[in-house]
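Structure file entry.pdb; described as PDB, C-alpha atoms and all ligand atoms.
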ATOM      1  CA  MET C 186      88.534 109.735  85.579  1.00  0.00           C
ATOM      2  CA  LYS C 187      86.423 112.817  84.943  1.00  0.00           C
ATOM      3  CA  CYS C 188      84.982 115.470  87.265  1.00  0.00           C
ATOM      4  CA  LYS C 189      81.577 114.396  88.567  1.00  0.00           C
ATOM      5  CA  LYS C 190      80.388 117.996  88.486  1.00  0.00           C
ATOM      6  CA  CYS C 191      81.492 119.342  85.122  1.00  0.00           C
ATOM      7  CA  GLY C 192      83.191 116.458  83.325  1.00  0.00           C
ATOM      8  CA  GLY C 193      86.545 118.256  83.361  1.00  0.00           C
ATOM      9  CA  ARG C 194      89.934 116.567  83.609  1.00  0.00           C
ATOM     10  CA  LEU C 195      91.158 115.634  87.101  1.00  0.00           C
ATOM     11  CA  LYS C 196      94.650 116.255  88.391  1.00  0.00           C
ATOM     12  CA  LYS C 197      95.903 113.857  91.062  1.00  0.00           C
ATOM     13  CA  PHE C 198      97.602 115.043  94.234  1.00  0.00           C
ATOM     14  CA  LYS C 199      98.947 113.392  97.354  1.00  0.00           C
ATOM     15  CA  VAL C 200      97.197 113.939 100.671  1.00  0.00           C
ATOM     16  CA  GLU C 201      99.547 113.682 103.617  1.00  0.00           C
ATOM     17  CA  VAL C 202      98.071 113.434 107.076  1.00  0.00           C
ATOM     18  CA  GLU C 203      99.938 114.461 110.193  1.00  0.00           C
ATOM     19  CA  GLY C 204     100.355 111.551 112.588  1.00  0.00           C
ATOM     20  CA  SER C 205     100.195 108.866 109.915  1.00  0.00           C
ATOM     21  CA  ASP C 206     102.825 107.437 107.591  1.00  0.00           C
ATOM     22  CA  LEU C 207     100.143 106.508 105.104  1.00  0.00           C
ATOM     23  CA  HIS C 208      98.806 108.937 102.583  1.00  0.00           C
ATOM     24  CA  SER C 209      95.638 109.310 100.619  1.00  0.00           C
ATOM     25  CA  GLU C 210      95.035 110.678  97.163  1.00  0.00           C
ATOM     26  CA  GLY C 211      92.957 113.553  96.025  1.00  0.00           C
ATOM     27  CA  PHE C 212      91.867 114.813  92.621  1.00  0.00           C
ATOM     28  CA  GLU C 213      91.329 118.382  91.615  1.00  0.00           C
ATOM     29  CA  CYS C 214      89.282 119.309  88.593  1.00  0.00           C
ATOM     30  CA  VAL C 215      91.365 121.543  86.329  1.00  0.00           C
ATOM     31  CA  LYS C 216      88.177 123.195  85.018  1.00  0.00           C
ATOM     32  CA  CYS C 217      85.982 123.937  88.050  1.00  0.00           C
ATOM     33  CA  GLY C 218      88.362 123.312  90.958  1.00  0.00           C
ATOM     34  CA  GLU C 219      86.137 120.719  92.615  1.00  0.00           C
ATOM     35  CA  LEU C 220      88.014 118.314  94.927  1.00  0.00           C
ATOM     36  CA  PHE C 221      87.546 114.563  95.176  1.00  0.00           C
ATOM     37  CA  PHE C 222      89.260 112.120  97.510  1.00  0.00           C
ATOM     38  CA  ASP C 223      90.115 108.466  97.212  1.00  0.00           C
ATOM     39  CA  GLU C 224      87.683 107.030  99.763  1.00  0.00           C
ATOM     40  CA  GLU C 225      89.403 103.692 100.182  1.00  0.00           C
ATOM     41  CA  LYS C 226      92.809 105.268 100.838  1.00  0.00           C
ATOM     42  CA  SER C 227      91.301 107.925 103.105  1.00  0.00           C
ATOM     43  CA  ARG C 228      89.594 105.211 105.152  1.00  0.00           C
ATOM     44  CA  LYS C 229      92.938 103.452 105.623  1.00  0.00           C
ATOM     45  CA  VAL C 230      94.558 106.667 106.844  1.00  0.00           C
ATOM     46  CA  VAL C 231      91.722 107.195 109.345  1.00  0.00           C
ATOM     47  CA  ALA C 232      92.040 103.583 110.550  1.00  0.00           C
ATOM     48  CA  ASP C 233      95.795 104.088 110.953  1.00  0.00           C
ATOM     49  CA  LEU C 234      95.256 107.262 112.992  1.00  0.00           C
ATOM     50  CA  ARG C 235      92.727 105.481 115.225  1.00  0.00           C
ATOM     51  CA  LYS C 236      95.144 102.601 115.811  1.00  0.00           C
ATOM     52  CA  ARG C 237      97.907 104.993 116.829  1.00  0.00           C
ATOM     53  CA  GLU C 238      95.578 106.893 119.136  1.00  0.00           C
ATOM     54  CA  PHE C 239      94.485 103.597 120.659  1.00  0.00           C
ATOM     55  CA  LEU C 240      98.092 102.585 121.286  1.00  0.00           C
ATOM     56  CA  GLU C 241      98.865 105.886 122.973  1.00  0.00           C
ATOM     57  CA  GLU C 242      95.955 105.395 125.350  1.00  0.00           C
ATOM     58  CA  LEU C 243      96.922 101.897 126.402  1.00  0.00           C
ATOM     59  CA  PRO C 244      96.891 101.352 130.149  1.00  0.00           C
ATOM     60  CA  ALA C 245     100.417 101.250 131.425  1.00  0.00           C
ATOM     61  CA  LEU C 246     101.211  97.869 132.865  1.00  0.00           C
ATOM     62  CA  SER C 247     104.724  98.188 131.666  1.00  0.00           C
ATOM     63  CA  ILE C 248     107.594  95.979 132.707  1.00  0.00           C
ATOM     64  CA  LYS C 249     111.214  96.207 131.615  1.00  0.00           C
ATOM     65  CA  GLN C 250     112.722  92.891 130.670  1.00  0.00           C
ATOM     66  CA  LYS C 251     115.974  91.584 129.294  1.00  0.00           C
ATOM     67  CA  VAL C 252     116.079  90.064 125.867  1.00  0.00           C
ATOM     68  CA  VAL C 253     117.733  86.653 125.946  1.00  0.00           C
ATOM     69  CA  LYS C 254     119.565  84.729 123.282  1.00  0.00           C
ATOM     70  CA  LEU C 255     117.760  81.514 122.350  1.00  0.00           C
ATOM     71  CA  SER C 256     119.961  80.265 119.543  1.00  0.00           C
ATOM     72  CA  LYS C 257     122.267  81.720 116.919  1.00  0.00           C
ATOM     73  CA  ASP C 258     119.798  84.090 115.236  1.00  0.00           C
ATOM     74  CA  ARG C 259     116.878  83.978 117.625  1.00  0.00           C
ATOM     75  CA  LEU C 260     116.103  86.229 120.536  1.00  0.00           C
ATOM     76  CA  GLY C 261     113.446  85.791 123.133  1.00  0.00           C
ATOM     77  CA  PHE C 262     111.898  87.244 126.244  1.00  0.00           C
ATOM     78  CA  TYR C 263     109.697  85.889 128.983  1.00  0.00           C
ATOM     79  CA  PHE C 264     106.163  86.997 129.653  1.00  0.00           C
ATOM     80  CA  ASN C 265     105.816  88.169 133.214  1.00  0.00           C
ATOM     81  CA  LYS C 266     103.150  86.057 134.994  1.00  0.00           C
ATOM     82  CA  ASP C 267     100.884  89.040 135.700  1.00  0.00           C
ATOM     83  CA  ILE C 268     100.903  90.059 132.066  1.00  0.00           C
ATOM     84  CA  ALA C 269     100.274  86.471 130.945  1.00  0.00           C
ATOM     85  CA  ARG C 270      97.344  86.223 133.373  1.00  0.00           C
ATOM     86  CA  CYS C 271      95.802  89.540 132.244  1.00  0.00           C
ATOM     87  CA  VAL C 272      95.676  88.498 128.610  1.00  0.00           C
ATOM     88  CA  ASN C 273      94.973  84.837 129.408  1.00  0.00           C
ATOM     89  CA  LEU C 274      98.124  83.640 127.694  1.00  0.00           C
ATOM     90  CA  LYS C 275      98.842  79.948 128.156  1.00  0.00           C
ATOM     91  CA  PRO C 276     101.658  77.643 127.040  1.00  0.00           C
ATOM     92  CA  GLY C 277     100.951  76.584 123.455  1.00  0.00           C
ATOM     93  CA  GLY C 278      98.774  79.654 122.898  1.00  0.00           C
ATOM     94  CA  GLU C 279      99.297  81.705 119.793  1.00  0.00           C
ATOM     95  CA  ILE C 280     100.341  85.307 119.540  1.00  0.00           C
ATOM     96  CA  GLU C 281     100.660  87.604 116.582  1.00  0.00           C
ATOM     97  CA  VAL C 282     103.743  89.792 116.529  1.00  0.00           C
ATOM     98  CA  ARG C 283     103.494  92.942 114.466  1.00  0.00           C
ATOM     99  CA  LEU C 284     106.267  95.403 113.833  1.00  0.00           C
ATOM    100  CA  LEU C 285     104.769  98.901 114.095  1.00  0.00           C
ATOM    101  CA  ASP C 286     107.871 100.959 113.565  1.00  0.00           C
ATOM    102  CA  LYS C 287     111.556 100.911 114.508  1.00  0.00           C
ATOM    103  CA  LYS C 288     110.803 101.093 118.236  1.00  0.00           C
ATOM    104  CA  ARG C 289     107.532  99.288 118.737  1.00  0.00           C
ATOM    105  CA  ILE C 290     106.358  95.704 118.449  1.00  0.00           C
ATOM    106  CA  LEU C 291     102.717  94.875 119.056  1.00  0.00           C
ATOM    107  CA  VAL C 292     101.975  91.437 120.478  1.00  0.00           C
ATOM    108  CA  GLU C 293      98.376  90.332 120.075  1.00  0.00           C
ATOM    109  CA  VAL C 294      96.988  87.274 121.806  1.00  0.00           C
ATOM    110  CA  GLU C 295      94.942  85.248 119.334  1.00  0.00           C
TER
HETATM  111 ZN    ZN C 301      84.879 120.057  87.382  1.00  0.00          ZN
END
Would you encode the structure as C-alpha cells?
Ligand SMILES: [Zn+2]
Amino acid sequence: MKCKKCGGRLKKFKVEVEGSDLHSEGFECVKCGELFFDEEKSRKVVADLRKREFLEELPALSIKQKVVKLSKDRLGFYFNKDIARCVNLKPGGEIEVRLLDKKRILVEVE
C-alpha cells in the first residue's frame, strides 16, 4: 500500500481505543506524515463502543437468581415471570446466549 497523497511508503501502527478491547489499524506515510486508517476495523471498534454504551444504559429490571445444576456439566436458571413477559419469552422460544466478557452474558430473545 502506498500513500494516497505522495506515493510514499506506509508504516502500519496499532490504534487502541479506550473502552474497547478491539483495535484498529492506522498507516503513516514515512515521506509526508499523512495518516490513514483502516475503515473496516475502525467501524468495528465504533460498533463495539456503541454496544457497550447501550449495555450500560439498559433499564435496570435486575433480579438475583440462583444457578441450579441440571445435569453433570450443565447449569441452568429460571426466567422470572415478569422478565419473561417483558421480552415475550415463551416455552419453546429461542434465545441467543452471548458471552461478553468474564462477568457478563447477554441473552437475546430471537
Ligand atoms: Zn505521503
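Within the file as shown, the PyMOL selection byres (((not hetatm)) within 7 of (chain C and resi 301)) identifies C:Cys188, C:Lys189, C:Lys190, C:Cys191, C:Gly192, C:Gly193, C:Cys214, C:Val215, C:Lys216, C:Cys217, C:Gly218, C:Glu219.
Counting from CA of Gly277 (chain C), the distance to CA of Glu293 (chain C) is 14.4 Å.
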| request: Can you work out the spacing between CA of Ser209 (chain C) and CA of Lys226 (chain C) in Å, to one decimal? | output: 4.9 Å
| What does the distance from CA of Glu242 (chain C) to CA of Glu210 (chain C) come to in Å, to one decimal? | 28.7 Å
| Among listed residues C:Lys251, C:Val294, C:Val282, C:Ser205, nearest Ala269 (chain C) (using only C-alpha atoms) | C:Val294
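The point (92.8, 110.5, 108.8) has these residues within 9 Å of it, counting all atoms listed in the file: Val202, Glu203, Gly204, Ser205, His208, Ser209, Ser227, Arg228, Lys229, Val230, Val231, Ala232, Asp233, Leu234 and Arg235 of chain C.
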Could those selected residues go to a file with C-alpha atoms, as a PDB file, in the frame of the given file?
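File produced: selection.pdb:
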ATOM      1  CA  VAL C 202      98.071 113.434 107.076  1.00  0.00           C
ATOM      2  CA  GLU C 203      99.938 114.461 110.193  1.00  0.00           C
ATOM      3  CA  GLY C 204     100.355 111.551 112.588  1.00  0.00           C
ATOM      4  CA  SER C 205     100.195 108.866 109.915  1.00  0.00           C
ATOM      5  CA  HIS C 208      98.806 108.937 102.583  1.00  0.00           C
ATOM      6  CA  SER C 209      95.638 109.310 100.619  1.00  0.00           C
ATOM      7  CA  SER C 227      91.301 107.925 103.105  1.00  0.00           C
ATOM      8  CA  ARG C 228      89.594 105.211 105.152  1.00  0.00           C
ATOM      9  CA  LYS C 229      92.938 103.452 105.623  1.00  0.00           C
ATOM     10  CA  VAL C 230      94.558 106.667 106.844  1.00  0.00           C
ATOM     11  CA  VAL C 231      91.722 107.195 109.345  1.00  0.00           C
ATOM     12  CA  ALA C 232      92.040 103.583 110.550  1.00  0.00           C
ATOM     13  CA  ASP C 233      95.795 104.088 110.953  1.00  0.00           C
ATOM     14  CA  LEU C 234      95.256 107.262 112.992  1.00  0.00           C
ATOM     15  CA  ARG C 235      92.727 105.481 115.225  1.00  0.00           C
TER      16      ARG C 235
END
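For Glu295 (chain C), the residues within 7 Å (counting only C-alpha atoms, excluding itself and residues fewer than 2 positions away along the chain) are Glu279, Ile280, Glu281 and Glu293 of chain C.
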| request: Return the single residue from C:Leu240, C:Ile268, C:Val200, C:Ile290 that is closest to Glu224 (chain C), with distances computed using all atoms listed in the file. | output: C:Val200
Could you work out an axis-aligned box for region 264-268 of chain C, taking every atom the file lists and adding 5 Å on each side, and report centre and edge lengths in Å to one decimal, as AutoDock Vina command-line options?
--center_x 103.5 --center_y 88.1 --center_z 132.7 --size_x 15.3 --size_y 14.0 --size_z 16.0
| said: I need the residue nearest Ser247 (chain C) from this list: C:Asp267, C:Phe212, C:Gly278, C:Gly261. Use all atoms listed in the file for the distance. | reply: C:Asp267
